[in-house]
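Coordinates from entry-v4.tsv are shown below (TSV, C-alpha atoms).
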chain	number	residue	atom	x	y	z
A	1	MET	CA	4.89	5.27	27.97
A	2	LYS	CA	5.64	2.68	25.32
A	3	ILE	CA	4.67	-0.97	25.06
A	4	GLY	CA	8.29	-2.00	25.56
A	5	ASP	CA	8.40	-0.13	28.88
A	6	ILE	CA	5.94	-2.58	30.38
A	7	PRO	CA	7.71	-5.63	31.84
A	8	ALA	CA	6.83	-8.71	29.79
A	9	PRO	CA	4.92	-10.54	32.57
A	10	GLN	CA	2.80	-7.45	33.25
A	11	LEU	CA	2.10	-6.92	29.56
A	12	ARG	CA	0.91	-10.49	29.28
A	13	GLU	CA	-1.37	-10.06	32.25
A	14	ARG	CA	-2.78	-6.77	30.98
A	15	LEU	CA	-3.39	-8.26	27.53
A	16	ALA	CA	-5.22	-11.17	29.09
A	17	VAL	CA	-7.47	-9.07	31.34
A	18	ASP	CA	-8.29	-5.56	30.11
A	19	GLY	CA	-6.29	-5.46	26.91
A	20	VAL	CA	-3.69	-2.91	25.87
A	21	ALA	CA	-4.54	0.15	23.77
A	22	PHE	CA	-1.77	1.69	21.73
A	23	ARG	CA	-1.36	4.18	18.96
A	24	VAL	CA	-0.16	3.23	15.50
A	25	GLY	CA	-0.20	6.11	13.04
A	26	PRO	CA	-3.61	7.78	12.99
A	27	TYR	CA	-5.31	4.90	14.80
A	28	VAL	CA	-5.72	3.56	18.30
A	29	THR	CA	-5.93	-0.21	18.56
A	30	ARG	CA	-6.91	-2.20	21.62
A	31	LEU	CA	-5.71	-5.76	21.71
A	32	ARG	CA	-6.78	-8.44	24.17
A	33	SER	CA	-5.49	-11.98	24.30
A	34	PRO	CA	-4.42	-14.56	26.87
A	35	ILE	CA	-2.13	-16.20	24.32
A	36	ALA	CA	1.56	-15.99	25.23
A	37	ARG	CA	2.72	-15.69	21.61
A	38	VAL	CA	0.64	-12.58	21.13
A	39	ALA	CA	2.17	-10.97	24.22
A	40	GLU	CA	5.69	-11.99	23.18
A	41	GLY	CA	5.22	-10.67	19.65
A	42	LEU	CA	3.76	-7.37	20.81
A	43	HIS	CA	6.44	-6.89	23.44
A	44	LEU	CA	9.22	-7.51	20.95
A	45	VAL	CA	8.20	-5.99	17.64
A	46	GLY	CA	5.64	-3.51	18.95
A	47	ALA	CA	7.95	-2.24	21.69
A	48	HIS	CA	8.27	1.33	20.42
A	49	HIS	CA	4.59	2.05	20.03
A	50	PRO	CA	3.13	4.46	22.58
A	51	LEU	CA	0.26	3.45	24.79
A	52	ALA	CA	-2.95	5.33	24.13
A	53	ALA	CA	-4.28	7.77	26.70
A	54	PRO	CA	-7.27	6.48	28.69
A	55	ALA	CA	-9.57	9.01	27.02
A	56	ASP	CA	-8.48	8.15	23.47
A	57	PHE	CA	-11.11	6.79	21.15
A	58	VAL	CA	-10.35	3.20	20.20
A	59	ASP	CA	-10.61	2.77	16.43
A	60	PHE	CA	-10.09	-0.98	16.32
A	61	ASP	CA	-10.90	-3.41	19.11
A	62	LEU	CA	-9.20	-6.77	18.50
A	63	GLU	CA	-9.22	-9.89	20.57
A	64	ILE	CA	-7.57	-13.24	19.96
A	65	ARG	CA	-9.02	-16.11	21.94
A	66	PRO	CA	-7.96	-19.72	22.07
A	67	ARG	CA	-10.68	-21.78	20.57
A	68	LEU	CA	-12.39	-23.92	23.16
A	69	GLY	CA	-13.73	-27.42	22.90
A	70	LEU	CA	-10.98	-28.93	20.77
A	71	TRP	CA	-9.34	-32.13	21.75
A	72	PRO	CA	-5.87	-33.53	20.91
A	73	PRO	CA	-4.54	-34.59	18.46
A	74	LEU	CA	-6.15	-31.61	16.76
A	75	ARG	CA	-3.96	-28.57	16.65
A	76	ARG	CA	-4.65	-25.80	19.10
A	77	LEU	CA	-6.56	-23.10	17.32
A	78	ALA	CA	-7.39	-19.48	17.97
A	79	ARG	CA	-9.85	-16.99	16.62
A	80	LEU	CA	-9.65	-13.28	15.93
A	81	PHE	CA	-12.52	-11.04	16.97
A	82	VAL	CA	-12.92	-7.52	15.65
A	83	ASP	CA	-15.34	-5.39	17.63
A	84	GLY	CA	-16.83	-8.62	18.95
A	85	ALA	CA	-17.37	-10.28	15.57
A	86	ALA	CA	-15.22	-13.05	14.06
A	87	PRO	CA	-14.69	-12.25	10.39
A	88	PHE	CA	-12.13	-14.99	9.74
A	89	ASN	CA	-11.79	-18.72	10.20
A	90	ALA	CA	-9.92	-20.12	13.18
A	91	PHE	CA	-6.17	-20.49	12.76
A	92	PRO	CA	-3.35	-22.39	14.51
A	93	VAL	CA	-2.53	-20.72	17.78
A	94	ALA	CA	1.14	-20.55	16.73
A	95	GLN	CA	0.10	-18.03	14.06
A	96	SER	CA	-1.68	-15.74	16.51
A	97	TYR	CA	0.67	-12.77	16.25
A	98	ALA	CA	0.67	-12.88	12.43
A	99	MET	CA	-3.10	-13.06	12.54
A	100	PHE	CA	-3.23	-9.97	14.72
A	101	GLU	CA	-1.13	-8.07	12.16
A	102	TRP	CA	-3.31	-9.26	9.28
A	103	GLY	CA	-6.44	-8.47	11.24
A	104	LEU	CA	-5.23	-4.96	11.87
A	105	ASN	CA	-4.43	-4.58	8.15
A	106	TRP	CA	-7.96	-5.67	7.41
A	107	CYS	CA	-9.39	-3.13	9.87
A	108	VAL	CA	-7.44	-0.27	8.32
A	109	ALA	CA	-8.18	-1.38	4.76
A	110	THR	CA	-11.92	-1.72	5.33
A	111	ARG	CA	-12.66	1.05	7.82
A	112	SER	CA	-10.62	4.09	6.84
A	113	ASP	CA	-12.49	5.70	4.00
A	114	ARG	CA	-11.50	9.19	5.01
A	115	TYR	CA	-8.17	8.33	3.41
A	116	LEU	CA	-7.35	6.90	0.01
A	117	LEU	CA	-5.62	3.60	0.77
A	118	VAL	CA	-3.23	2.05	-1.72
A	119	HIS	CA	-1.44	-1.28	-1.40
A	120	SER	CA	2.15	-0.05	-1.27
A	121	ALA	CA	5.17	0.16	0.97
A	122	VAL	CA	6.20	3.73	1.83
A	123	VAL	CA	9.51	5.02	3.16
A	124	GLU	CA	10.83	8.54	3.52
A	125	LYS	CA	14.11	10.38	3.48
A	126	GLY	CA	14.76	14.10	3.60
A	127	GLY	CA	11.06	14.88	3.73
A	128	ARG	CA	10.33	13.05	0.47
A	129	ALA	CA	8.41	9.80	0.38
A	130	LEU	CA	9.03	6.83	-1.87
A	131	LEU	CA	6.10	4.56	-2.71
A	132	LEU	CA	6.85	0.95	-3.58
A	133	PRO	CA	3.64	-0.50	-4.97
A	134	ALA	CA	3.88	-4.01	-6.28
A	135	PRO	CA	2.07	-7.32	-6.27
A	136	PRO	CA	2.97	-9.98	-3.70
A	137	GLY	CA	6.23	-11.76	-4.46
A	138	SER	CA	7.90	-8.78	-6.09
A	139	GLY	CA	10.25	-8.10	-3.18
A	140	LYS	CA	8.43	-5.00	-1.99
A	141	SER	CA	8.63	-5.76	1.74
A	142	THR	CA	12.23	-6.99	1.51
A	143	LEU	CA	13.37	-3.82	-0.23
A	144	CYS	CA	11.33	-1.76	2.20
A	145	ALA	CA	12.94	-3.53	5.18
A	146	ALA	CA	16.43	-3.07	3.73
A	147	LEU	CA	15.82	0.65	3.15
A	148	VAL	CA	14.57	1.02	6.70
A	149	CYS	CA	17.68	-0.77	7.99
A	150	ARG	CA	19.72	1.79	6.01
A	151	GLY	CA	18.08	4.75	7.68
A	152	TRP	CA	14.98	5.47	5.65
A	153	ARG	CA	11.96	6.28	7.78
A	154	LEU	CA	9.26	3.62	7.67
A	155	LEU	CA	5.78	4.87	6.92
A	156	SER	CA	4.40	1.43	6.09
A	157	ASP	CA	5.37	-1.80	4.40
A	158	GLU	CA	1.83	-2.43	3.27
A	159	LEU	CA	-0.43	0.61	3.10
A	160	ALA	CA	-0.01	4.04	1.57
A	161	ILE	CA	-2.46	6.23	3.47
A	162	LEU	CA	-3.09	9.23	1.28
A	163	ARG	CA	-4.70	12.22	2.94
A	164	SER	CA	-6.90	14.68	1.07
A	165	ASP	CA	-4.06	17.24	1.18
A	166	GLY	CA	-1.84	14.88	-0.84
A	167	LEU	CA	0.42	13.94	2.06
A	168	LEU	CA	1.03	10.40	3.26
A	169	ALA	CA	0.12	9.51	6.84
A	170	PRO	CA	2.58	7.08	8.47
A	171	ILE	CA	1.44	3.82	9.97
A	172	PRO	CA	4.81	2.36	11.01
A	173	ARG	CA	3.87	-1.18	11.90
A	174	PRO	CA	6.20	-4.16	11.96
A	175	VAL	CA	7.43	-5.11	8.49
A	176	SER	CA	6.11	-8.45	7.31
A	177	LEU	CA	8.92	-10.68	6.06
A	178	LYS	CA	8.00	-13.84	4.25
A	179	ASN	CA	9.87	-17.03	3.46
A	180	ALA	CA	13.38	-16.44	2.06
A	181	SER	CA	13.27	-12.72	2.81
A	182	ILE	CA	13.46	-13.44	6.56
A	183	ASP	CA	17.01	-14.77	6.27
A	184	VAL	CA	17.87	-12.18	3.62
A	185	ILE	CA	17.17	-9.41	6.14
A	186	ARG	CA	18.84	-11.32	9.02
A	187	ARG	CA	22.02	-11.49	6.92
A	188	PHE	CA	21.65	-7.98	5.61
A	189	GLU	CA	21.25	-6.43	9.06
A	190	PRO	CA	22.35	-8.78	11.85
A	191	GLY	CA	21.19	-6.23	14.43
A	192	ALA	CA	17.63	-6.16	13.14
A	193	VAL	CA	15.03	-7.21	15.69
A	194	ILE	CA	12.84	-9.87	14.11
A	195	GLY	CA	10.10	-11.60	16.06
A	196	GLY	CA	9.20	-15.25	16.23
A	197	THR	CA	8.54	-17.15	13.03
A	198	ALA	CA	5.10	-18.47	12.13
A	199	HIS	CA	5.17	-21.46	9.79
A	200	GLU	CA	2.64	-22.76	7.30
A	201	THR	CA	0.52	-19.64	7.24
A	202	ILE	CA	-1.49	-18.81	4.14
A	203	LYS	CA	1.50	-16.70	3.09
A	204	GLY	CA	4.09	-19.34	3.96
A	205	THR	CA	6.60	-18.65	6.73
A	206	VAL	CA	6.19	-15.20	8.23
A	207	ALA	CA	8.16	-13.10	10.72
A	208	TYR	CA	7.99	-9.42	11.64
A	209	LEU	CA	10.74	-6.83	11.71
A	210	ARG	CA	10.46	-4.27	14.49
A	211	PRO	CA	10.09	-0.74	13.09
A	212	PRO	CA	12.85	1.66	14.18
A	213	ALA	CA	12.10	3.82	17.20
A	214	ASP	CA	12.57	6.98	15.14
A	215	SER	CA	9.89	5.88	12.65
A	216	VAL	CA	7.42	5.27	15.46
A	217	ASP	CA	8.33	8.46	17.31
A	218	ARG	CA	7.58	10.40	14.11
A	219	GLN	CA	4.36	8.60	13.29
A	220	ALA	CA	2.34	11.81	13.45
A	221	GLU	CA	4.60	13.47	10.86
A	222	PRO	CA	3.26	13.06	7.30
A	223	ALA	CA	5.45	12.99	4.20
A	224	ARG	CA	5.11	14.31	0.71
A	225	PRO	CA	5.22	11.73	-2.09
A	226	ALA	CA	8.18	12.28	-4.43
A	227	TRP	CA	8.80	8.95	-6.16
A	228	VAL	CA	6.89	5.88	-7.18
A	229	VAL	CA	9.13	2.89	-7.87
A	230	PHE	CA	7.78	-0.48	-9.01
A	231	PRO	CA	10.23	-3.07	-7.65
A	232	LYS	CA	10.57	-6.47	-9.25
A	233	TYR	CA	13.03	-8.93	-7.76
A	234	GLU	CA	14.19	-11.74	-9.99
A	235	ALA	CA	17.04	-14.06	-9.03
A	236	GLY	CA	20.08	-13.33	-11.16
A	237	ALA	CA	18.53	-10.37	-12.94
A	238	VAL	CA	20.69	-7.41	-13.88
A	239	LEU	CA	19.67	-4.02	-12.57
A	240	ARG	CA	17.11	-2.28	-14.70
A	241	PHE	CA	15.87	1.18	-13.86
A	242	ALA	CA	13.57	2.82	-16.35
A	243	PRO	CA	10.88	5.50	-16.36
A	244	HIS	CA	7.31	4.34	-15.87
A	245	SER	CA	4.56	6.46	-17.39
A	246	ARG	CA	2.59	8.60	-14.98
A	247	ALA	CA	-0.72	7.72	-16.62
A	248	ARG	CA	-0.05	4.00	-16.17
A	249	THR	CA	1.16	4.60	-12.62
A	250	LEU	CA	-2.12	6.33	-11.83
A	251	VAL	CA	-4.13	3.42	-13.19
A	252	PHE	CA	-2.01	0.91	-11.26
A	253	LEU	CA	-2.43	2.81	-8.00
A	254	ALA	CA	-6.18	3.14	-8.60
A	255	HIS	CA	-6.52	-0.58	-9.28
A	256	ASN	CA	-4.41	-1.41	-6.20
A	257	SER	CA	-6.35	0.84	-3.89
A	258	PHE	CA	-8.58	-0.68	-1.24
A	259	ASN	CA	-11.19	2.05	-1.44
A	260	TYR	CA	-10.75	3.99	-4.69
A	261	HIS	CA	-14.32	3.03	-5.58
A	262	VAL	CA	-15.50	4.92	-2.51
A	263	HIS	CA	-13.64	8.09	-3.50
A	264	GLY	CA	-14.46	8.00	-7.22
A	265	ALA	CA	-13.65	11.23	-9.06
A	266	ARG	CA	-12.11	12.73	-5.92
A	267	GLY	CA	-9.71	9.79	-5.71
A	268	PHE	CA	-8.72	10.18	-9.36
A	269	THR	CA	-7.98	13.87	-8.91
A	270	LEU	CA	-6.03	13.21	-5.71
A	271	LEU	CA	-3.84	10.58	-7.36
A	272	ALA	CA	-3.34	12.72	-10.46
A	273	ASP	CA	-2.33	15.75	-8.37
A	274	VAL	CA	0.12	13.64	-6.35
A	275	LEU	CA	1.68	12.18	-9.50
A	276	GLU	CA	2.24	15.64	-10.99
A	277	HIS	CA	5.08	15.91	-8.50
A	278	CYS	CA	6.34	12.34	-8.54
A	279	ALA	CA	8.96	10.65	-10.66
A	280	CYS	CA	7.88	7.12	-11.58
A	281	HIS	CA	10.24	4.24	-12.37
A	282	ASP	CA	10.45	0.49	-12.81
A	283	LEU	CA	13.19	-1.17	-10.81
A	284	GLY	CA	14.15	-4.71	-11.77
A	285	TYR	CA	16.91	-6.24	-9.69
A	286	GLY	CA	18.62	-9.44	-8.70
A	287	SER	CA	20.81	-7.97	-6.00
A	288	LEU	CA	19.45	-6.13	-2.98
A	289	GLU	CA	22.61	-4.02	-2.75
A	290	ASP	CA	22.20	-2.91	-6.38
A	291	ALA	CA	18.60	-1.95	-5.73
A	292	LEU	CA	19.59	0.02	-2.62
A	293	ARG	CA	22.32	1.91	-4.47
A	294	CYS	CA	19.84	2.75	-7.19
A	295	VAL	CA	17.23	4.07	-4.77
A	296	GLU	CA	19.83	5.98	-2.76
A	297	SER	CA	21.14	7.66	-5.89
A	298	LEU	CA	17.59	8.54	-6.85
A	299	ALA	CA	17.16	10.22	-3.49
A	300	SER	CA	20.47	12.06	-3.59
A	301	ASN	CA	20.54	13.09	-7.27
A	302	ASP	CA	17.03	13.35	-8.48
A	303	GLY	CA	16.20	16.53	-6.62
A	304	ALA	CA	12.69	15.16	-6.22
A	305	ALA	CA	10.44	14.90	-9.13
A	306	ARG	CA	9.92	17.89	-11.27
A	307	PRO	CA	6.41	18.96	-11.96
A	308	ALA	CA	5.12	17.11	-14.97
A	309	THR	CA	4.25	18.79	-18.21
A	310	ALA	CA	0.53	18.54	-18.83
B	1	MET	CA	-15.20	12.37	-17.36
B	2	LEU	CA	-11.94	13.44	-15.76
B	3	SER	CA	-8.61	13.16	-17.46
B	4	ARG	CA	-4.96	13.98	-16.91
B	5	THR	CA	-2.42	13.93	-19.73
B	6	TRP	CA	1.30	13.32	-19.37
B	7	ASP	CA	3.46	13.15	-22.46
B	8	ASP	CA	1.45	11.16	-25.03
B	9	GLU	CA	-0.76	9.23	-22.61
B	10	THR	CA	-3.90	10.19	-20.81
B	11	ALA	CA	-5.36	8.69	-17.65
B	12	VAL	CA	-9.12	8.91	-17.72
B	13	PHE	CA	-11.80	8.45	-15.09
B	14	PHE	CA	-15.27	7.73	-16.44
B	15	GLU	CA	-17.77	8.61	-13.78
B	16	GLY	CA	-20.58	6.67	-15.41
B	17	ALA	CA	-18.74	3.36	-15.57
B	18	GLY	CA	-16.47	4.03	-12.59
B	19	GLU	CA	-13.53	2.97	-14.78
B	20	THR	CA	-10.01	4.36	-14.68
B	21	MET	CA	-7.82	3.62	-17.66
B	22	VAL	CA	-5.09	4.85	-19.92
B	23	VAL	CA	-6.05	6.02	-23.36
B	24	SER	CA	-3.87	7.14	-26.25
B	25	GLU	CA	-3.73	10.68	-27.50
B	26	LEU	CA	-6.19	9.74	-30.23
B	27	GLY	CA	-8.50	8.05	-27.74
B	28	SER	CA	-8.43	11.10	-25.53
B	29	ALA	CA	-9.28	13.35	-28.47
B	30	ALA	CA	-12.06	11.03	-29.57
B	31	ILE	CA	-13.67	11.14	-26.13
B	32	ALA	CA	-13.39	14.90	-26.02
B	33	GLY	CA	-14.88	15.12	-29.53
B	34	ILE	CA	-17.85	12.95	-28.57
B	35	ALA	CA	-18.37	15.06	-25.47
B	36	ALA	CA	-18.37	18.09	-27.78
B	37	ASP	CA	-21.22	16.57	-29.82
B	38	CYS	CA	-19.34	15.28	-32.84
B	39	ALA	CA	-22.18	13.16	-34.14
B	40	ASP	CA	-20.48	11.03	-36.77
B	41	LEU	CA	-17.11	9.76	-37.88
B	42	PRO	CA	-16.31	12.58	-40.33
B	43	ALA	CA	-17.11	15.14	-37.65
B	44	LEU	CA	-14.88	13.30	-35.19
B	45	GLU	CA	-12.07	13.14	-37.74
B	46	GLY	CA	-12.39	16.85	-38.28
B	47	TRP	CA	-12.28	17.40	-34.52
B	48	CYS	CA	-9.10	15.37	-34.18
B	49	ARG	CA	-7.42	17.03	-37.15
B	50	GLY	CA	-8.29	20.36	-35.62
B	51	ARG	CA	-6.18	19.31	-32.62
B	52	GLY	CA	-3.20	18.50	-34.80
B	53	LEU	CA	-3.49	14.72	-34.49
B	54	ALA	CA	-3.15	14.14	-38.24
B	55	THR	CA	-2.41	16.10	-41.35
B	56	ALA	CA	-5.10	16.65	-43.93
B	57	ASP	CA	-3.93	13.77	-46.13
B	58	GLU	CA	-3.46	11.17	-43.35
B	59	ASP	CA	-6.24	8.62	-42.88
B	60	LEU	CA	-7.62	8.85	-39.35
B	61	GLY	CA	-10.75	6.80	-39.93
B	62	ALA	CA	-9.37	3.32	-39.26
B	63	GLY	CA	-7.56	4.43	-36.09
B	64	LEU	CA	-10.63	6.21	-34.81
B	65	LEU	CA	-12.86	3.24	-35.47
B	66	ALA	CA	-10.51	0.98	-33.50
B	67	VAL	CA	-10.51	3.43	-30.60
B	68	LEU	CA	-14.30	3.71	-30.65
B	69	GLU	CA	-14.66	-0.06	-30.60
B	70	LYS	CA	-12.44	-0.29	-27.51
B	71	LEU	CA	-14.32	2.46	-25.72
B	72	ALA	CA	-17.61	0.73	-26.53
B	73	ALA	CA	-16.24	-2.58	-25.25
B	74	PHE	CA	-15.60	-0.92	-21.88
B	75	GLU	CA	-19.09	0.62	-22.03
B	76	ILE	CA	-17.59	4.06	-21.88
B	77	ILE	CA	-19.42	5.09	-25.02
B	78	GLU	CA	-22.52	3.58	-26.49
B	79	PRO	CA	-22.98	3.32	-30.25
B	80	ALA	CA	-26.02	5.23	-31.45
B	81	PRO	CA	-28.84	2.95	-32.66
Would you mind writing the structure in this file as structure tokens?
Amino acid sequence: MKIGDIPAPQLRERLAVDGVAFRVGPYVTRLRSPIARVAEGLHLVGAHHPLAAPADFVDFDLEIRPRLGLWPPLRRLARLFVDGAAPFNAFPVAQSYAMFEWGLNWCVATRSDRYLLVHSAVVEKGGRALLLPAPPGSGKSTLCAALVCRGWRLLSDELAILRSDGLLAPIPRPVSLKNASIDVIRRFEPGAVIGGTAHETIKGTVAYLRPPADSVDRQAEPARPAWVVFPKYEAGAVLRFAPHSRARTLVFLAHNSFNYHVHGARGFTLLADVLEHCACHDLGYGSLEDALRCVESLASNDGAARPATA
Amino acid sequence: MLSRTWDDETAVFFEGAGETMVVSELGSAAIAGIAADCADLPALEGWCRGRGLATADEDLGAGLLAVLEKLAAFEIIEPAP
């Protein structure tokens, strides 16, 4: 049974009372909240995620509670609890669903040391995965969302979860769209399901794109990394696609990992082994369509990366 | 120290400092030479020439000194007292 199979009023009631446990990639999350926005967001953009079995171990226990004791004209606030503790400040209740997504990111990033976690979007086609690591503002999530709308399988818009066997574990959560990219994706794919918009968050205006059913249905199926592409959107820029050195790619991934310091030498060797079989490129673009054509041609012509010469 | 070389660049992981960085071909050779007990600059030059990094009449000293200074700045090597 999936979250979307539960009628919205029942989902809201279950969230408010016992919580709802569901599986996202290798993790089971239980969410509790009486806040309507949380239920609406989960029902819409989390619709394809399967409910966990009653005996499943819950990895992350999250609860979002309205903050009590406030009085108008103060804004209504809420607070996120993780395993009973509140690691973050209170936030406007209108941002509750975004806060749940960020809270879950935080859980994965801080509590999953059996994997090497790198800040990167990951999509897959034909059994080969494309990593899109980039700093905020580079257009990573927008390009990721557009690729997913064009049939690439979503592994994550935020976290590359690298297993010790060199494969990437999917965690196909809703894609975070920020500011102008929300309308970019609405125009790009009018049929895309995008949840309610949260304004004035620490990241500006945020909305979430529902991951395709196929990506969620295949969330237990890992993918082999084949390409690393560093996207950089710049308004009006002409397309630029150039090789990026593997050594510099390794250092970038290491420095953009959440837990490389935990893995140490093992993490270095894992990244180096993965990059032996990856082609690495810079992609500068001013047109989303140009970027998509470039990535599609990479996937259809490149024949995956050849093993590197040592 | 762990390293992986692609083309003319080497990614290096220094276990002592916990640093990961890119070093040039010369830097990589210098680190390997130090690890192989090259105790002074002439010995290190000889080590690097032995790996085909310069011909006999090319001056390697200035390049090596610059590399050693950078490695010391990152506390990857420590100058002998």
Item to complete: Considering all atoms listed in the file, extract the chain B residues located within 6 Å of chain A and return them as a list in words.
Response: Thr5, Trp6, Thr10, Ala11 and Met21 of chain B
Worksheet entry | Shell of 8 Å around A:Leu80, only C-alpha atoms, local chain residues under 5 positions omitted, as a PyMOL selection string | chain A and resi 62-65+86-88+90+99-100+103
Item to complete: Identify which of the residues A:Ala78, A:Pro174, A:His244, A:Ser181 lies closest to B:Glu9, counting only C-alpha atoms when measuring atom-to-atom distances.
Response: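 Checking each candidate against B:Glu9, we get A:His244 as the closest.
When only C-alpha atoms are used to measure the gap to B:Glu15, the shortest distance among A:His263, A:Arg210, A:Val122, A:Ser112 belongs to A:His263.
Atom CA of A:Arg173 is found 17.9 Å from atom CA of A:Pro136.
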Discussion item. For B:Val12, find every residue with an atom within 6 Å (counting only C-alpha atoms), except residues of its own chain fewer than 3 positions away, and show them as a ChimeraX atom specification.
Written reply: /B:2-3,20-21
Fill in: Selection near A:Asp18, 12 Å with all atoms listed in the file, sequence-local residues under 4 positions removed, as a PyMOL selection string
chain A and resi 10-14+30-34+61-63
